[in-house]
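Single-structure report; data block below.
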Amino acid sequence: MAEILNPPPKHVAIIMDGNGRWAAAHKLPRSAGHREGAKAVRRVIETAPQLGIKFITLYAFSTENWSRPQDEINTLMQLLEKTIDEYQHEAKQQNLRLWVSGAREPLAPELLDKMDKLVQSTATHTGLTVNLALNYGAQQEITHAVNALLAAGKKQITPQDITAHLYQPQLPAPELLIRTSGEQRLSNFLLWQAAYSELYFTPVLWPDFDGKELQKAVQIYQHRQRRFGGV
């Protein structure tokens with residue numbers, strides 16, 4: 001039997017899990033884990049284009065994450081603002097394009113303004129597209145799409161209609177969805193788009209994830225047999 005070798009995935013989605021456990025294992029505050037996690041984001045963004053990846057969606061903050069302690073939420077939002085400030089220059093150097101998926105409320109106006117400016121300034125870039133899933137929930141995204149269709153007067157809704165009304169309708173479905181830290185669930189992430197994604201779960205905590213780990217996930221994906229319901 002011939003060896004399976006799929007082309008590299010065009011779109012990889014990642015649930016970046018394990019910052020808190022990494023911090024606990026190193027006897028550090030959770031904020032230190034989030035800062036190390038931001039470094040892992042940088043490593044993945046640098047490696048992805050080398051592997052043929054064109055789009056990467058990062059689950060940065062879910063709609064459920066608002067239930068975390070306020071101090072941790074504040075740390076995450078401050079870190080996000082700092083990261084966006086740093087990427088103003090790097091996005092231009094690396095030809096990165098930024099998209100953001102998620103509900104805008106109750107995000108701070110200052111953060112939204114910075115994100116909007118970075119999205120606008122990178123709109124014509126042709127390199128890796130980084131789709132930041134921020135204040136994101138898949139069930140909420142699908143509900144948003146259906147409500148938009150109903151408001152437009154649609155009586156019969158097709159799958160194509162829903163796809164066209166998602167946060168980023170031009171984003172291709174992810175061929176590969178990665179979750180770090182050993183957890184094996186989707187946690188309300190890209191439920192519509194990931195209908196036929198290959199799932200890859202790794203025990204590596206997100207702050208320890210790097211280009212080699214991404215390459216390993218892509219290589220495993222390339223040897224999967226993808227049937228899409230067929231034989």
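By order in the structure tokens, chains are A, B, ...; within a chain, residues start at 1; ligands start at 1, following the order shown.
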| request: Run DSSP on the backbone and grab whatever in range 55-130 of chain A lands in alpha helix (DSSP H); send it over as an MDAnalysis selection string. | output: chainID A and resid 70:94 109:121
Go ahead and save the picked residues with N, CA, C and O atoms, as a short mmCIF file (atom, residue, chain, number, x, y, z; two decimals), in the first residue's frame.
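Contents of the output file selection-v3.cif:
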data_model
loop_
_atom_site.label_atom_id
_atom_site.label_comp_id
_atom_site.auth_asym_id
_atom_site.auth_seq_id
_atom_site.Cartn_x
_atom_site.Cartn_y
_atom_site.Cartn_z
N GLN A 70 -10.31 38.26 38.03
CA GLN A 70 -10.13 39.52 37.33
C GLN A 70 -8.67 39.89 37.13
O GLN A 70 -8.29 40.45 36.09
N ASP A 71 -7.83 39.57 38.11
CA ASP A 71 -6.40 39.87 37.98
C ASP A 71 -5.79 39.15 36.78
O ASP A 71 -4.97 39.71 36.04
N GLU A 72 -6.20 37.89 36.58
CA GLU A 72 -5.67 37.13 35.45
C GLU A 72 -6.18 37.69 34.13
O GLU A 72 -5.43 37.80 33.14
N ILE A 73 -7.46 38.07 34.09
CA ILE A 73 -8.02 38.68 32.89
C ILE A 73 -7.27 39.96 32.55
O ILE A 73 -6.91 40.21 31.39
N ASN A 74 -7.02 40.79 33.56
CA ASN A 74 -6.29 42.04 33.33
C ASN A 74 -4.90 41.77 32.78
O ASN A 74 -4.44 42.46 31.85
N THR A 75 -4.23 40.76 33.33
CA THR A 75 -2.89 40.41 32.84
C THR A 75 -2.93 39.98 31.38
O THR A 75 -2.10 40.40 30.57
N LEU A 76 -3.91 39.15 31.04
CA LEU A 76 -4.04 38.68 29.66
C LEU A 76 -4.29 39.83 28.69
O LEU A 76 -3.69 39.89 27.61
N MET A 77 -5.16 40.75 29.08
CA MET A 77 -5.48 41.88 28.20
C MET A 77 -4.29 42.82 28.05
O MET A 77 -4.01 43.33 26.96
N GLN A 78 -3.56 43.04 29.14
CA GLN A 78 -2.36 43.89 29.06
C GLN A 78 -1.29 43.24 28.18
O GLN A 78 -0.63 43.92 27.38
N LEU A 79 -1.14 41.93 28.31
CA LEU A 79 -0.18 41.21 27.50
C LEU A 79 -0.57 41.26 26.03
O LEU A 79 0.29 41.42 25.15
N LEU A 80 -1.86 41.17 25.76
CA LEU A 80 -2.34 41.24 24.38
C LEU A 80 -2.05 42.61 23.78
O LEU A 80 -1.58 42.71 22.64
N GLU A 81 -2.33 43.66 24.53
CA GLU A 81 -2.03 45.01 24.05
C GLU A 81 -0.55 45.17 23.76
O GLU A 81 -0.16 45.75 22.74
N LYS A 82 0.29 44.69 24.66
CA LYS A 82 1.74 44.79 24.48
C LYS A 82 2.18 44.03 23.24
O LYS A 82 3.01 44.52 22.46
N THR A 83 1.62 42.85 23.04
CA THR A 83 1.97 42.04 21.87
C THR A 83 1.58 42.73 20.58
O THR A 83 2.34 42.73 19.60
N ILE A 84 0.38 43.34 20.57
CA ILE A 84 -0.08 44.06 19.38
C ILE A 84 0.85 45.23 19.08
O ILE A 84 1.22 45.48 17.92
N ASP A 85 1.26 45.95 20.12
CA ASP A 85 2.20 47.06 19.93
C ASP A 85 3.50 46.57 19.30
O ASP A 85 4.04 47.21 18.39
N GLU A 86 4.00 45.44 19.78
CA GLU A 86 5.25 44.91 19.26
C GLU A 86 5.11 44.45 17.81
O GLU A 86 6.05 44.55 17.02
N TYR A 87 3.94 43.94 17.45
CA TYR A 87 3.76 43.39 16.11
C TYR A 87 3.51 44.45 15.05
O TYR A 87 3.47 44.13 13.86
N GLN A 88 3.33 45.71 15.45
CA GLN A 88 3.19 46.77 14.45
C GLN A 88 4.38 46.73 13.50
O GLN A 88 4.23 46.82 12.28
N HIS A 89 5.58 46.61 14.06
CA HIS A 89 6.80 46.60 13.24
C HIS A 89 7.05 45.22 12.64
O HIS A 89 7.39 45.10 11.45
N GLU A 90 6.86 44.17 13.44
CA GLU A 90 7.17 42.82 12.97
C GLU A 90 6.23 42.39 11.84
O GLU A 90 6.64 41.67 10.93
N ALA A 91 4.98 42.81 11.91
CA ALA A 91 4.02 42.43 10.86
C ALA A 91 4.47 42.98 9.51
O ALA A 91 4.34 42.31 8.48
N LYS A 92 5.01 44.17 9.53
CA LYS A 92 5.50 44.77 8.28
C LYS A 92 6.74 44.03 7.79
O LYS A 92 6.86 43.72 6.60
N GLN A 93 7.66 43.72 8.71
CA GLN A 93 8.89 43.02 8.34
C GLN A 93 8.61 41.64 7.77
O GLN A 93 9.23 41.20 6.80
N GLN A 94 7.65 40.92 8.40
CA GLN A 94 7.38 39.53 8.03
C GLN A 94 6.21 39.39 7.06
O GLN A 94 5.82 38.28 6.71
N PRO A 109 -12.25 49.66 24.66
CA PRO A 109 -12.13 50.45 23.43
C PRO A 109 -10.69 50.66 22.99
O PRO A 109 -10.40 50.66 21.79
N GLU A 110 -9.77 50.83 23.93
CA GLU A 110 -8.37 51.04 23.58
C GLU A 110 -7.79 49.82 22.87
O GLU A 110 -7.05 49.94 21.89
N LEU A 111 -8.13 48.63 23.37
CA LEU A 111 -7.65 47.39 22.75
C LEU A 111 -8.26 47.23 21.36
O LEU A 111 -7.57 46.88 20.40
N LEU A 112 -9.56 47.48 21.24
CA LEU A 112 -10.23 47.37 19.95
C LEU A 112 -9.62 48.31 18.93
O LEU A 112 -9.42 47.96 17.76
N ASP A 113 -9.29 49.53 19.37
CA ASP A 113 -8.70 50.52 18.47
C ASP A 113 -7.34 50.04 17.96
O ASP A 113 -7.05 50.14 16.76
N LYS A 114 -6.52 49.50 18.85
CA LYS A 114 -5.20 48.99 18.44
C LYS A 114 -5.34 47.82 17.48
O LYS A 114 -4.60 47.72 16.48
N MET A 115 -6.28 46.92 17.77
CA MET A 115 -6.48 45.77 16.89
C MET A 115 -6.96 46.24 15.52
O MET A 115 -6.47 45.76 14.48
N ASP A 116 -7.93 47.16 15.50
CA ASP A 116 -8.47 47.64 14.23
C ASP A 116 -7.38 48.28 13.37
O ASP A 116 -7.33 48.08 12.15
N LYS A 117 -6.50 49.04 14.01
CA LYS A 117 -5.43 49.70 13.26
C LYS A 117 -4.46 48.68 12.69
O LYS A 117 -3.99 48.82 11.55
N LEU A 118 -4.15 47.63 13.46
CA LEU A 118 -3.23 46.60 12.96
C LEU A 118 -3.88 45.78 11.84
O LEU A 118 -3.22 45.45 10.85
N VAL A 119 -5.15 45.48 11.99
CA VAL A 119 -5.88 44.77 10.93
C VAL A 119 -5.86 45.60 9.65
O VAL A 119 -5.59 45.09 8.54
N GLN A 120 -6.13 46.88 9.77
CA GLN A 120 -6.17 47.77 8.61
C GLN A 120 -4.80 47.93 7.97
O GLN A 120 -4.66 47.87 6.74
N SER A 121 -3.77 48.09 8.81
CA SER A 121 -2.43 48.34 8.26
C SER A 121 -1.82 47.11 7.61
O SER A 121 -0.89 47.22 6.82
#
| task | Would you please work out which residue, of A:Pro69, A:Pro49, A:Gly153, A:Pro207, is nearest to His11 in chain A when using only C-alpha atoms? | result |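 Using only C-alpha atoms, the shortest distance to His11 in chain A belongs to A:Pro49.
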| said: If I take CA of Gln140 in chain A and CA of His165 in chain A, how far is one from the other in Å, to one decimal? | reply: 12.2 Å
| request: Please provide as a ChimeraX atom specification all residues within 8 Å of range 211-213 of chain A, with the sequence filter that same-chain residues fewer than 5 positions apart are discarded (counting only C-alpha atoms). | output: /A:43-44,46-48
Contacts of Ser101 in chain A at 7 Å (only C-alpha atoms; same-chain gap of 2+ positions) as a PDB file with all heavy atoms, in the first residue's frame:
ATOM      1  N   TRP A  99      -6.103  39.078  11.237  1.00  0.00           N
ATOM      2  CA  TRP A  99      -7.555  39.092  11.320  1.00  0.00           C
ATOM      3  C   TRP A  99      -7.932  38.819  12.772  1.00  0.00           C
ATOM      4  O   TRP A  99      -7.151  38.226  13.525  1.00  0.00           O
ATOM      5  CB  TRP A  99      -8.181  38.008  10.442  1.00  0.00           C
ATOM      6  CG  TRP A  99      -8.063  38.250   8.967  1.00  0.00           C
ATOM      7  CD1 TRP A  99      -7.686  39.401   8.345  1.00  0.00           C
ATOM      8  CD2 TRP A  99      -8.321  37.292   7.921  1.00  0.00           C
ATOM      9  NE1 TRP A  99      -7.686  39.241   6.978  1.00  0.00           N
ATOM     10  CE2 TRP A  99      -8.079  37.964   6.690  1.00  0.00           C
ATOM     11  CE3 TRP A  99      -8.724  35.972   7.901  1.00  0.00           C
ATOM     12  CZ2 TRP A  99      -8.236  37.324   5.459  1.00  0.00           C
ATOM     13  CZ3 TRP A  99      -8.881  35.329   6.682  1.00  0.00           C
ATOM     14  CH2 TRP A  99      -8.648  36.010   5.463  1.00  0.00           C
ATOM     15  N   ASN A 131      -5.066  34.688  12.401  1.00  0.00           N
ATOM     16  CA  ASN A 131      -6.441  34.949  12.812  1.00  0.00           C
ATOM     17  C   ASN A 131      -6.516  34.771  14.319  1.00  0.00           C
ATOM     18  O   ASN A 131      -6.387  33.662  14.835  1.00  0.00           O
ATOM     19  CB  ASN A 131      -7.400  33.996  12.101  1.00  0.00           C
ATOM     20  CG  ASN A 131      -8.845  34.229  12.495  1.00  0.00           C
ATOM     21  OD1 ASN A 131      -9.293  35.359  12.619  1.00  0.00           O
ATOM     22  ND2 ASN A 131      -9.589  33.148  12.707  1.00  0.00           N
ATOM     23  N   LEU A 132      -6.711  35.865  15.037  1.00  0.00           N
ATOM     24  CA  LEU A 132      -6.733  35.852  16.494  1.00  0.00           C
ATOM     25  C   LEU A 132      -8.170  35.634  16.978  1.00  0.00           C
ATOM     26  O   LEU A 132      -9.040  36.469  16.750  1.00  0.00           O
ATOM     27  CB  LEU A 132      -6.191  37.181  17.025  1.00  0.00           C
ATOM     28  CG  LEU A 132      -5.803  37.245  18.497  1.00  0.00           C
ATOM     29  CD1 LEU A 132      -4.632  36.316  18.791  1.00  0.00           C
ATOM     30  CD2 LEU A 132      -5.451  38.680  18.871  1.00  0.00           C
ATOM     31  N   ALA A 133      -8.412  34.484  17.596  1.00  0.00           N
ATOM     32  CA  ALA A 133      -9.739  34.192  18.153  1.00  0.00           C
ATOM     33  C   ALA A 133      -9.797  34.797  19.552  1.00  0.00           C
ATOM     34  O   ALA A 133      -9.290  34.233  20.513  1.00  0.00           O
ATOM     35  CB  ALA A 133      -9.984  32.690  18.191  1.00  0.00           C
ATOM     36  N   LEU A 134     -10.397  35.972  19.642  1.00  0.00           N
ATOM     37  CA  LEU A 134     -10.391  36.762  20.870  1.00  0.00           C
ATOM     38  C   LEU A 134     -11.815  37.051  21.305  1.00  0.00           C
ATOM     39  O   LEU A 134     -12.611  37.556  20.511  1.00  0.00           O
ATOM     40  CB  LEU A 134      -9.632  38.072  20.636  1.00  0.00           C
ATOM     41  CG  LEU A 134      -9.550  39.029  21.812  1.00  0.00           C
ATOM     42  CD1 LEU A 134      -8.743  38.426  22.956  1.00  0.00           C
ATOM     43  CD2 LEU A 134      -8.938  40.355  21.373  1.00  0.00           C
ATOM     44  N   TYR A 136     -13.858  34.769  21.805  1.00  0.00           N
ATOM     45  CA  TYR A 136     -14.451  33.905  20.777  1.00  0.00           C
ATOM     46  C   TYR A 136     -15.145  32.709  21.404  1.00  0.00           C
ATOM     47  O   TYR A 136     -14.638  32.100  22.347  1.00  0.00           O
ATOM     48  CB  TYR A 136     -13.362  33.401  19.823  1.00  0.00           C
ATOM     49  CG  TYR A 136     -13.895  32.425  18.807  1.00  0.00           C
ATOM     50  CD1 TYR A 136     -14.469  32.864  17.624  1.00  0.00           C
ATOM     51  CD2 TYR A 136     -13.877  31.050  19.056  1.00  0.00           C
ATOM     52  CE1 TYR A 136     -14.994  31.973  16.706  1.00  0.00           C
ATOM     53  CE2 TYR A 136     -14.391  30.149  18.149  1.00  0.00           C
ATOM     54  CZ  TYR A 136     -14.950  30.610  16.975  1.00  0.00           C
ATOM     55  OH  TYR A 136     -15.491  29.725  16.074  1.00  0.00           O
ATOM     56  N   TYR A 167     -17.568  34.951  11.391  1.00  0.00           N
ATOM     57  CA  TYR A 167     -16.739  36.129  11.649  1.00  0.00           C
ATOM     58  C   TYR A 167     -15.752  36.402  10.511  1.00  0.00           C
ATOM     59  O   TYR A 167     -15.513  37.546  10.145  1.00  0.00           O
ATOM     60  CB  TYR A 167     -15.960  35.960  12.964  1.00  0.00           C
ATOM     61  CG  TYR A 167     -16.810  35.971  14.202  1.00  0.00           C
ATOM     62  CD1 TYR A 167     -16.618  35.021  15.209  1.00  0.00           C
ATOM     63  CD2 TYR A 167     -17.794  36.940  14.402  1.00  0.00           C
ATOM     64  CE1 TYR A 167     -17.388  35.031  16.365  1.00  0.00           C
ATOM     65  CE2 TYR A 167     -18.575  36.960  15.549  1.00  0.00           C
ATOM     66  CZ  TYR A 167     -18.361  35.993  16.541  1.00  0.00           C
ATOM     67  OH  TYR A 167     -19.125  36.009  17.682  1.00  0.00           O
ATOM     68  N   GLN A 168     -15.161  35.326   9.982  1.00  0.00           N
ATOM     69  CA  GLN A 168     -14.205  35.461   8.878  1.00  0.00           C
ATOM     70  C   GLN A 168     -14.609  34.501   7.759  1.00  0.00           C
ATOM     71  O   GLN A 168     -14.041  33.424   7.606  1.00  0.00           O
ATOM     72  CB  GLN A 168     -12.772  35.158   9.352  1.00  0.00           C
ATOM     73  CG  GLN A 168     -12.239  36.083  10.417  1.00  0.00           C
ATOM     74  CD  GLN A 168     -12.042  37.515   9.924  1.00  0.00           C
ATOM     75  OE1 GLN A 168     -12.079  37.782   8.726  1.00  0.00           O
ATOM     76  NE2 GLN A 168     -11.842  38.444  10.845  1.00  0.00           N
TER      77      GLN A 168
END
| Using only C-alpha atoms, which of A:Ala32, A:Leu191, A:Leu5, A:Val130 sits nearest Gly18 in chain A? |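 The answer is A:Ala32, which sits nearest to Gly18 in chain A.
Proximity to Val12 in chain A was assessed for A:Ile220, A:Ile178, A:Ala40, A:Ala24 counting only C-alpha atoms; the smallest distance is recorded for A:Ile178.
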| message | Which residues are close to Tyr200 in chain A, i.e. within 12 Å by only C-alpha atoms, leaving aside same-chain residues fewer than 5 positions away? Reply as a list in words. | response | Val12, Ala13, Ile14, Ile15, Glu175, Leu176, Leu177, Ile178, Arg179, Thr180, Ser181, Gly182, Glu183, Gln184, Arg185, Leu186, Glu213, Leu214, Lys216, Ala217, Val218, Gln219, Ile220, Tyr221, Gln222 and Arg224 of chain A
File of the preceding selection, C-alpha atoms, as a PDB file, in the first residue's frame:
ATOM      1  CA  VAL A  12      -3.795  25.283  11.178  1.00  0.00           C
ATOM      2  CA  ALA A  13      -5.886  26.148  14.239  1.00  0.00           C
ATOM      3  CA  ILE A  14      -4.415  25.923  17.739  1.00  0.00           C
ATOM      4  CA  ILE A  15      -5.948  25.750  21.211  1.00  0.00           C
ATOM      5  CA  GLU A 175      -7.214  20.978   7.889  1.00  0.00           C
ATOM      6  CA  LEU A 176      -5.387  20.542  11.191  1.00  0.00           C
ATOM      7  CA  LEU A 177      -6.496  21.506  14.712  1.00  0.00           C
ATOM      8  CA  ILE A 178      -3.903  21.247  17.490  1.00  0.00           C
ATOM      9  CA  ARG A 179      -4.511  21.298  21.238  1.00  0.00           C
ATOM     10  CA  THR A 180      -1.620  21.396  23.662  1.00  0.00           C
ATOM     11  CA  SER A 181      -1.342  20.275  27.329  1.00  0.00           C
ATOM     12  CA  GLY A 182      -2.948  16.851  26.942  1.00  0.00           C
ATOM     13  CA  GLU A 183      -6.591  17.930  27.081  1.00  0.00           C
ATOM     14  CA  GLN A 184      -8.717  16.279  24.393  1.00  0.00           C
ATOM     15  CA  ARG A 185     -11.745  18.464  23.709  1.00  0.00           C
ATOM     16  CA  LEU A 186     -12.618  21.383  21.418  1.00  0.00           C
ATOM     17  CA  GLU A 213       6.569  20.607  17.768  1.00  0.00           C
ATOM     18  CA  LEU A 214       4.579  22.351  15.028  1.00  0.00           C
ATOM     19  CA  LYS A 216       5.916  17.207  14.172  1.00  0.00           C
ATOM     20  CA  ALA A 217       2.157  17.889  14.160  1.00  0.00           C
ATOM     21  CA  VAL A 218       2.230  18.774  10.452  1.00  0.00           C
ATOM     22  CA  GLN A 219       4.181  15.617   9.587  1.00  0.00           C
ATOM     23  CA  ILE A 220       1.675  13.444  11.465  1.00  0.00           C
ATOM     24  CA  TYR A 221      -1.163  15.221   9.652  1.00  0.00           C
ATOM     25  CA  GLN A 222       0.494  14.557   6.311  1.00  0.00           C
ATOM     26  CA  ARG A 224      -3.278  10.706   7.994  1.00  0.00           C
TER      27      ARG A 224
END
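Considering only range 9-103 of chain A, backbone DSSP assigns strand (DSSP E) to His11, Val12, Ala13, Ile14, Ile15, Phe55, Ile56, Thr57, Leu58, Tyr59, Ala60, Phe61, Ser62, Arg97, Leu98, Trp99, Val100 and Ser101 of chain A.
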| request: Find the spatial neighbours of Leu190 in chain A, counting only C-alpha atoms, within a cut-off of 9 Å - ignore same-chain residues fewer than 5 positions away - and output them as a ChimeraX atom specification. | output: /A:13,137-139,141,173-174,195
